[in-house]
$ cat coords_30.cif   # mmCIF, C-alpha atoms
data_work
#
loop_
_atom_site.label_atom_id
_atom_site.label_comp_id
_atom_site.auth_asym_id
_atom_site.auth_seq_id
_atom_site.Cartn_x
_atom_site.Cartn_y
_atom_site.Cartn_z
CA MET A 23 76.33 111.29 64.14
CA SER A 24 74.33 114.28 65.25
CA SER A 25 75.93 117.32 66.78
CA VAL A 26 74.57 119.84 69.21
CA ALA A 27 75.11 123.51 68.50
CA PRO A 28 77.19 125.38 71.10
CA SER A 29 73.98 127.03 72.35
CA PRO A 30 70.73 128.17 70.80
CA ILE A 31 71.52 130.01 67.60
CA LEU A 32 70.27 133.42 66.60
CA PHE A 33 70.16 134.10 62.86
CA GLU A 34 70.75 137.74 62.01
CA ARG A 35 70.46 139.15 58.51
CA CYS A 36 73.69 140.82 57.39
CA GLU A 37 74.35 144.20 55.91
CA ALA A 38 77.61 145.29 54.27
CA HIS A 39 79.04 146.49 57.61
CA HIS A 40 78.83 142.91 58.95
CA LEU A 41 81.54 141.84 56.50
CA ASP A 42 84.05 142.74 59.22
CA GLU A 43 82.72 139.70 61.11
CA VAL A 44 82.30 137.51 58.03
CA MET A 45 85.76 137.83 56.50
CA PRO A 46 87.80 136.37 59.40
CA ILE A 47 85.53 133.30 59.31
CA MET A 48 85.89 133.15 55.52
CA THR A 49 89.67 133.11 55.72
CA THR A 50 89.86 130.49 58.48
CA ALA A 51 87.07 128.16 57.33
CA PHE A 52 88.33 127.67 53.77
CA SER A 53 91.72 126.42 52.67
CA PRO A 54 93.49 128.97 50.49
CA ASP A 55 94.30 126.10 48.14
CA SER A 56 90.66 125.29 47.34
CA GLY A 57 89.43 128.38 45.53
CA GLU A 58 86.17 128.29 47.53
CA ALA A 59 86.49 131.46 49.63
CA TRP A 60 85.02 134.70 48.37
CA THR A 61 86.73 138.06 48.61
CA ARG A 62 85.29 140.97 50.56
CA SER A 63 84.53 142.78 47.29
CA GLN A 64 82.68 139.75 45.90
CA CYS A 65 80.51 139.60 49.02
CA ALA A 66 79.93 143.35 49.06
CA GLY A 67 79.07 143.29 45.36
CA ILE A 68 76.41 140.60 45.60
CA LEU A 69 74.70 141.72 48.83
CA PRO A 70 72.65 144.54 47.23
CA MET A 71 71.35 142.29 44.43
CA ALA A 72 67.70 141.29 44.38
CA GLY A 73 66.95 138.06 46.21
CA VAL A 74 70.35 137.87 47.93
CA ALA A 75 70.58 137.49 51.70
CA MET A 76 73.41 136.80 54.11
CA PHE A 77 72.85 135.56 57.64
CA LEU A 78 75.11 135.39 60.66
CA ALA A 79 74.72 132.48 63.08
CA ARG A 80 75.26 133.97 66.54
CA ASP A 81 75.19 133.07 70.18
CA PRO A 82 72.12 134.97 71.44
CA ALA A 83 73.72 135.88 74.78
CA SER A 84 77.31 136.79 73.89
CA ARG A 85 76.59 137.78 70.26
CA ALA A 86 79.65 135.72 69.24
CA THR A 87 79.50 134.82 65.56
CA TYR A 88 79.69 131.09 64.82
CA GLY A 89 79.31 131.23 61.05
CA PHE A 90 77.36 132.62 58.13
CA SER A 91 75.43 131.71 55.02
CA LEU A 92 74.93 133.54 51.75
CA LEU A 93 71.98 132.69 49.55
CA ARG A 94 69.95 133.83 46.61
CA ALA A 95 66.20 133.21 46.27
CA VAL A 96 64.55 134.22 43.00
CA ALA A 97 61.08 133.09 41.89
CA ASP A 98 60.79 129.39 42.74
CA GLU A 99 64.54 128.70 43.04
CA ALA A 100 67.03 129.25 45.83
CA GLU A 101 70.74 128.60 45.89
CA LEU A 102 73.01 128.32 48.90
CA LEU A 103 75.93 130.30 47.54
CA LEU A 104 78.26 130.07 50.50
CA ILE A 105 78.34 128.71 54.01
CA ALA A 106 81.17 128.82 56.55
CA VAL A 107 81.58 128.00 60.22
CA ALA A 108 84.33 129.34 62.45
CA PRO A 109 86.85 126.58 63.20
CA THR A 110 86.04 126.78 66.94
CA ALA A 111 82.36 126.01 66.19
CA GLN A 112 82.84 123.31 63.56
CA ARG A 113 81.32 119.88 64.20
CA SER A 114 78.96 121.36 66.79
CA GLY A 115 75.77 121.56 64.71
CA VAL A 116 76.20 125.12 63.46
CA GLY A 117 76.68 124.04 59.84
CA ARG A 118 73.53 121.92 59.96
CA ALA A 119 71.62 124.78 61.61
CA LEU A 120 72.76 127.12 58.81
CA VAL A 121 71.63 124.63 56.15
CA ASP A 122 68.28 124.12 57.88
CA HIS A 123 67.87 127.90 58.15
CA PHE A 124 68.60 128.23 54.41
CA VAL A 125 65.94 125.62 53.60
CA ALA A 126 63.32 127.26 55.84
CA PHE A 127 64.11 130.77 54.60
CA ALA A 128 64.05 129.70 50.93
CA GLN A 129 60.78 127.81 51.29
CA GLY A 130 59.34 130.81 53.13
CA CYS A 131 60.23 132.89 50.07
CA GLY A 132 58.29 130.44 47.87
CA ALA A 133 61.26 128.51 46.50
CA THR A 134 60.52 124.93 45.55
CA ARG A 135 63.86 124.09 43.92
CA LEU A 136 66.81 124.41 46.33
CA HIS A 137 70.34 123.76 45.21
CA LEU A 138 74.00 124.38 45.94
CA GLU A 139 77.40 123.52 44.59
CA VAL A 140 80.35 122.23 46.54
CA ARG A 141 83.94 121.36 45.71
CA GLU A 142 84.37 117.65 45.16
CA GLY A 143 86.10 116.24 48.24
CA ASN A 144 84.80 118.95 50.58
CA GLY A 145 83.78 117.42 53.91
CA ALA A 146 80.54 119.43 53.84
CA ILE A 147 79.14 117.00 51.25
CA GLY A 148 78.18 114.69 54.12
CA LEU A 149 76.42 117.57 55.87
CA TYR A 150 74.43 118.38 52.74
CA ARG A 151 73.51 114.73 52.19
CA ALA A 152 72.33 114.45 55.79
CA ALA A 153 70.11 117.48 55.19
CA GLY A 154 68.50 115.75 52.19
CA PHE A 155 70.54 117.09 49.26
CA LYS A 156 71.53 114.71 46.46
CA ILE A 157 74.24 115.07 43.84
CA ALA A 158 72.60 116.16 40.60
CA GLY A 159 75.56 117.08 38.40
CA ARG A 160 79.17 118.10 38.05
CA ARG A 161 80.92 121.22 36.80
CA ARG A 162 84.41 120.31 35.66
CA ASN A 163 87.30 122.49 36.84
CA TYR A 164 84.91 124.99 38.44
CA TYR A 165 87.10 125.92 41.41
CA ARG A 166 90.57 127.31 40.75
CA GLY A 167 92.81 127.16 43.78
CA ALA A 168 96.50 127.59 44.48
CA ASN A 169 97.09 123.87 43.89
CA GLY A 170 95.03 123.40 40.75
CA GLN A 171 91.47 123.08 39.57
CA TYR A 172 88.65 121.17 41.22
CA ASP A 173 85.26 119.95 40.09
CA ALA A 174 82.09 121.30 41.67
CA LEU A 175 79.25 118.96 42.48
CA THR A 176 75.79 120.43 42.09
CA MET A 177 73.36 119.22 44.73
CA LEU A 178 69.59 119.47 44.82
CA LEU A 179 67.34 119.10 47.84
CA ALA A 180 65.68 115.73 47.31
CA SER A 181 62.19 116.89 48.28
CA SER A 182 62.42 119.84 45.87
CA GLU A 183 63.04 117.76 42.73
CA SER A 184 59.43 117.40 41.72
#

$ encode --input "coords_30.cif" --output "structure tokens"
Amino acid sequence: MSSVAPSPILFERCEAHHLDEVMPIMTTAFSPDSGEAWTRSQCAGILPMAGVAMFLARDPASRATYGFSLLRAVADEAELLLIAVAPTAQRSGVGRALVDHFVAFAQGCGATRLHLEVREGNGAIGLYRAAGFKIAGRRRNYYRGANGQYDALTMLLASSES
């Protein structure tokens, strides 16, 4: 099933002051039980690091923020560290647009190996598979949430495996 984004999407690179827009999406897009959400200080701490970029997905006319992605691209590798879509924009194509933007941005930086990790059971696994990612491994008890520990699945973009 393919979705259509709410409107054309503008991708805007984030600075630390954009965390005021990011954090409400973070808290509503992730269950507090999963251990997947990052804190404001974690986001602020990683943003200045080399190779790290955060992007907002916005409506170009209203400037409403649909979601965001956080990534790291170093040498020939890139990792999608975090992606979240506001509940009102979920299942509309924004998540897929963010993943596609990550792939294009990473490849534009020279990355040939693109990967991510996701909590086992997270509905986004289907999104990542549809974008060409395949499960490549498992990290046992990686996520620690309010209701226990969860495995992380590591996923690799199929075309970047060679």

$ residues_around --input "coords_30.cif" --residues "stretch 79-96 of chain A" --least-positions-apart "3" --cutoff "6 Å" --atoms "all atoms listed in the file" --output "NGL selection string"
:A and (31-33 or 73-76 or 99-108 or 111)

$ closest_residue --input "coords_30.cif" --among "A:Leu138, A:Ala168, A:Leu179, A:Leu120" --to "A:Phe155" --atoms "only C-alpha atoms"
A:Leu179

$ atom_distance --input "coords_30.cif" --atom1 "atom CA of A:Phe52" --atom2 "atom CA of A:His40"
18.7 Å

$ atom_distance --input "coords_30.cif" --atom1 "atom CA of A:Ala66" --atom2 "atom CA of A:Gly132"
25.2 Å

$ resolve_selection --input "coords_30.cif" --expression "the PyMOL selection byres ((chain A and resi 149) around 12)" --output "mmCIF file with C-alpha atoms, in the frame of the given file"
data_model
loop_
_atom_site.group_PDB
_atom_site.id
_atom_site.type_symbol
_atom_site.label_atom_id
_atom_site.label_comp_id
_atom_site.auth_asym_id
_atom_site.auth_seq_id
_atom_site.Cartn_x
_atom_site.Cartn_y
_atom_site.Cartn_z
ATOM 1 C CA MET A 23 76.330 111.290 64.140
ATOM 2 C CA SER A 24 74.330 114.280 65.250
ATOM 3 C CA SER A 25 75.930 117.320 66.780
ATOM 4 C CA ILE A 105 78.340 128.710 54.010
ATOM 5 C CA GLN A 112 82.840 123.310 63.560
ATOM 6 C CA ARG A 113 81.320 119.880 64.200
ATOM 7 C CA SER A 114 78.960 121.360 66.790
ATOM 8 C CA GLY A 115 75.770 121.560 64.710
ATOM 9 C CA VAL A 116 76.200 125.120 63.460
ATOM 10 C CA GLY A 117 76.680 124.040 59.840
ATOM 11 C CA ARG A 118 73.530 121.920 59.960
ATOM 12 C CA ALA A 119 71.620 124.780 61.610
ATOM 13 C CA LEU A 120 72.760 127.120 58.810
ATOM 14 C CA VAL A 121 71.630 124.630 56.150
ATOM 15 C CA ASP A 122 68.280 124.120 57.880
ATOM 16 C CA VAL A 140 80.350 122.230 46.540
ATOM 17 C CA ASN A 144 84.800 118.950 50.580
ATOM 18 C CA GLY A 145 83.780 117.420 53.910
ATOM 19 C CA ALA A 146 80.540 119.430 53.840
ATOM 20 C CA ILE A 147 79.140 117.000 51.250
ATOM 21 C CA GLY A 148 78.180 114.690 54.120
ATOM 22 C CA TYR A 150 74.430 118.380 52.740
ATOM 23 C CA ARG A 151 73.510 114.730 52.190
ATOM 24 C CA ALA A 152 72.330 114.450 55.790
ATOM 25 C CA ALA A 153 70.110 117.480 55.190
ATOM 26 C CA GLY A 154 68.500 115.750 52.190
ATOM 27 C CA PHE A 155 70.540 117.090 49.260
ATOM 28 C CA LYS A 156 71.530 114.710 46.460
ATOM 29 C CA MET A 177 73.360 119.220 44.730
#

$ atom_distance --input "coords_30.cif" --atom1 "atom CA of A:Ala38" --atom2 "atom CA of A:Gln64"
11.2 Å

$ closest_residue --input "coords_30.cif" --among "A:Asp55, A:Glu139, A:Glu37, A:Asp98" --to "A:Asn169" --atoms "all atoms listed in the file"
A:Asp55

$ residues_around --input "coords_30.cif" --residues "stretch 158-164 of chain A" --least-positions-apart "4" --cutoff "12 Å" --atoms "only C-alpha atoms" --output "PDB file with C-alpha atoms, keeping the file's coordinate frame"
ATOM      1  CA  SER A  56      90.660 125.290  47.340  1.00  0.00           C
ATOM      2  CA  GLY A  57      89.430 128.380  45.530  1.00  0.00           C
ATOM      3  CA  GLU A  58      86.170 128.290  47.530  1.00  0.00           C
ATOM      4  CA  LEU A 136      66.810 124.410  46.330  1.00  0.00           C
ATOM      5  CA  HIS A 137      70.340 123.760  45.210  1.00  0.00           C
ATOM      6  CA  LEU A 138      74.000 124.380  45.940  1.00  0.00           C
ATOM      7  CA  GLU A 139      77.400 123.520  44.590  1.00  0.00           C
ATOM      8  CA  VAL A 140      80.350 122.230  46.540  1.00  0.00           C
ATOM      9  CA  ARG A 141      83.940 121.360  45.710  1.00  0.00           C
ATOM     10  CA  GLU A 142      84.370 117.650  45.160  1.00  0.00           C
ATOM     11  CA  ARG A 151      73.510 114.730  52.190  1.00  0.00           C
ATOM     12  CA  GLY A 170      95.030 123.400  40.750  1.00  0.00           C
ATOM     13  CA  GLN A 171      91.470 123.080  39.570  1.00  0.00           C
ATOM     14  CA  TYR A 172      88.650 121.170  41.220  1.00  0.00           C
ATOM     15  CA  ASP A 173      85.260 119.950  40.090  1.00  0.00           C
ATOM     16  CA  ALA A 174      82.090 121.300  41.670  1.00  0.00           C
ATOM     17  CA  LEU A 175      79.250 118.960  42.480  1.00  0.00           C
ATOM     18  CA  THR A 176      75.790 120.430  42.090  1.00  0.00           C
ATOM     19  CA  MET A 177      73.360 119.220  44.730  1.00  0.00           C
ATOM     20  CA  LEU A 178      69.590 119.470  44.820  1.00  0.00           C
ATOM     21  CA  LEU A 179      67.340 119.100  47.840  1.00  0.00           C
ATOM     22  CA  ALA A 180      65.680 115.730  47.310  1.00  0.00           C
ATOM     23  CA  GLU A 183      63.040 117.760  42.730  1.00  0.00           C
TER      24      GLU A 183
END

$ closest_residue --input "coords_30.cif" --among "A:Arg135, A:Ala97, A:Ile68, A:Phe77" --to "A:Val44" --atoms "all atoms listed in the file"
A:Phe77
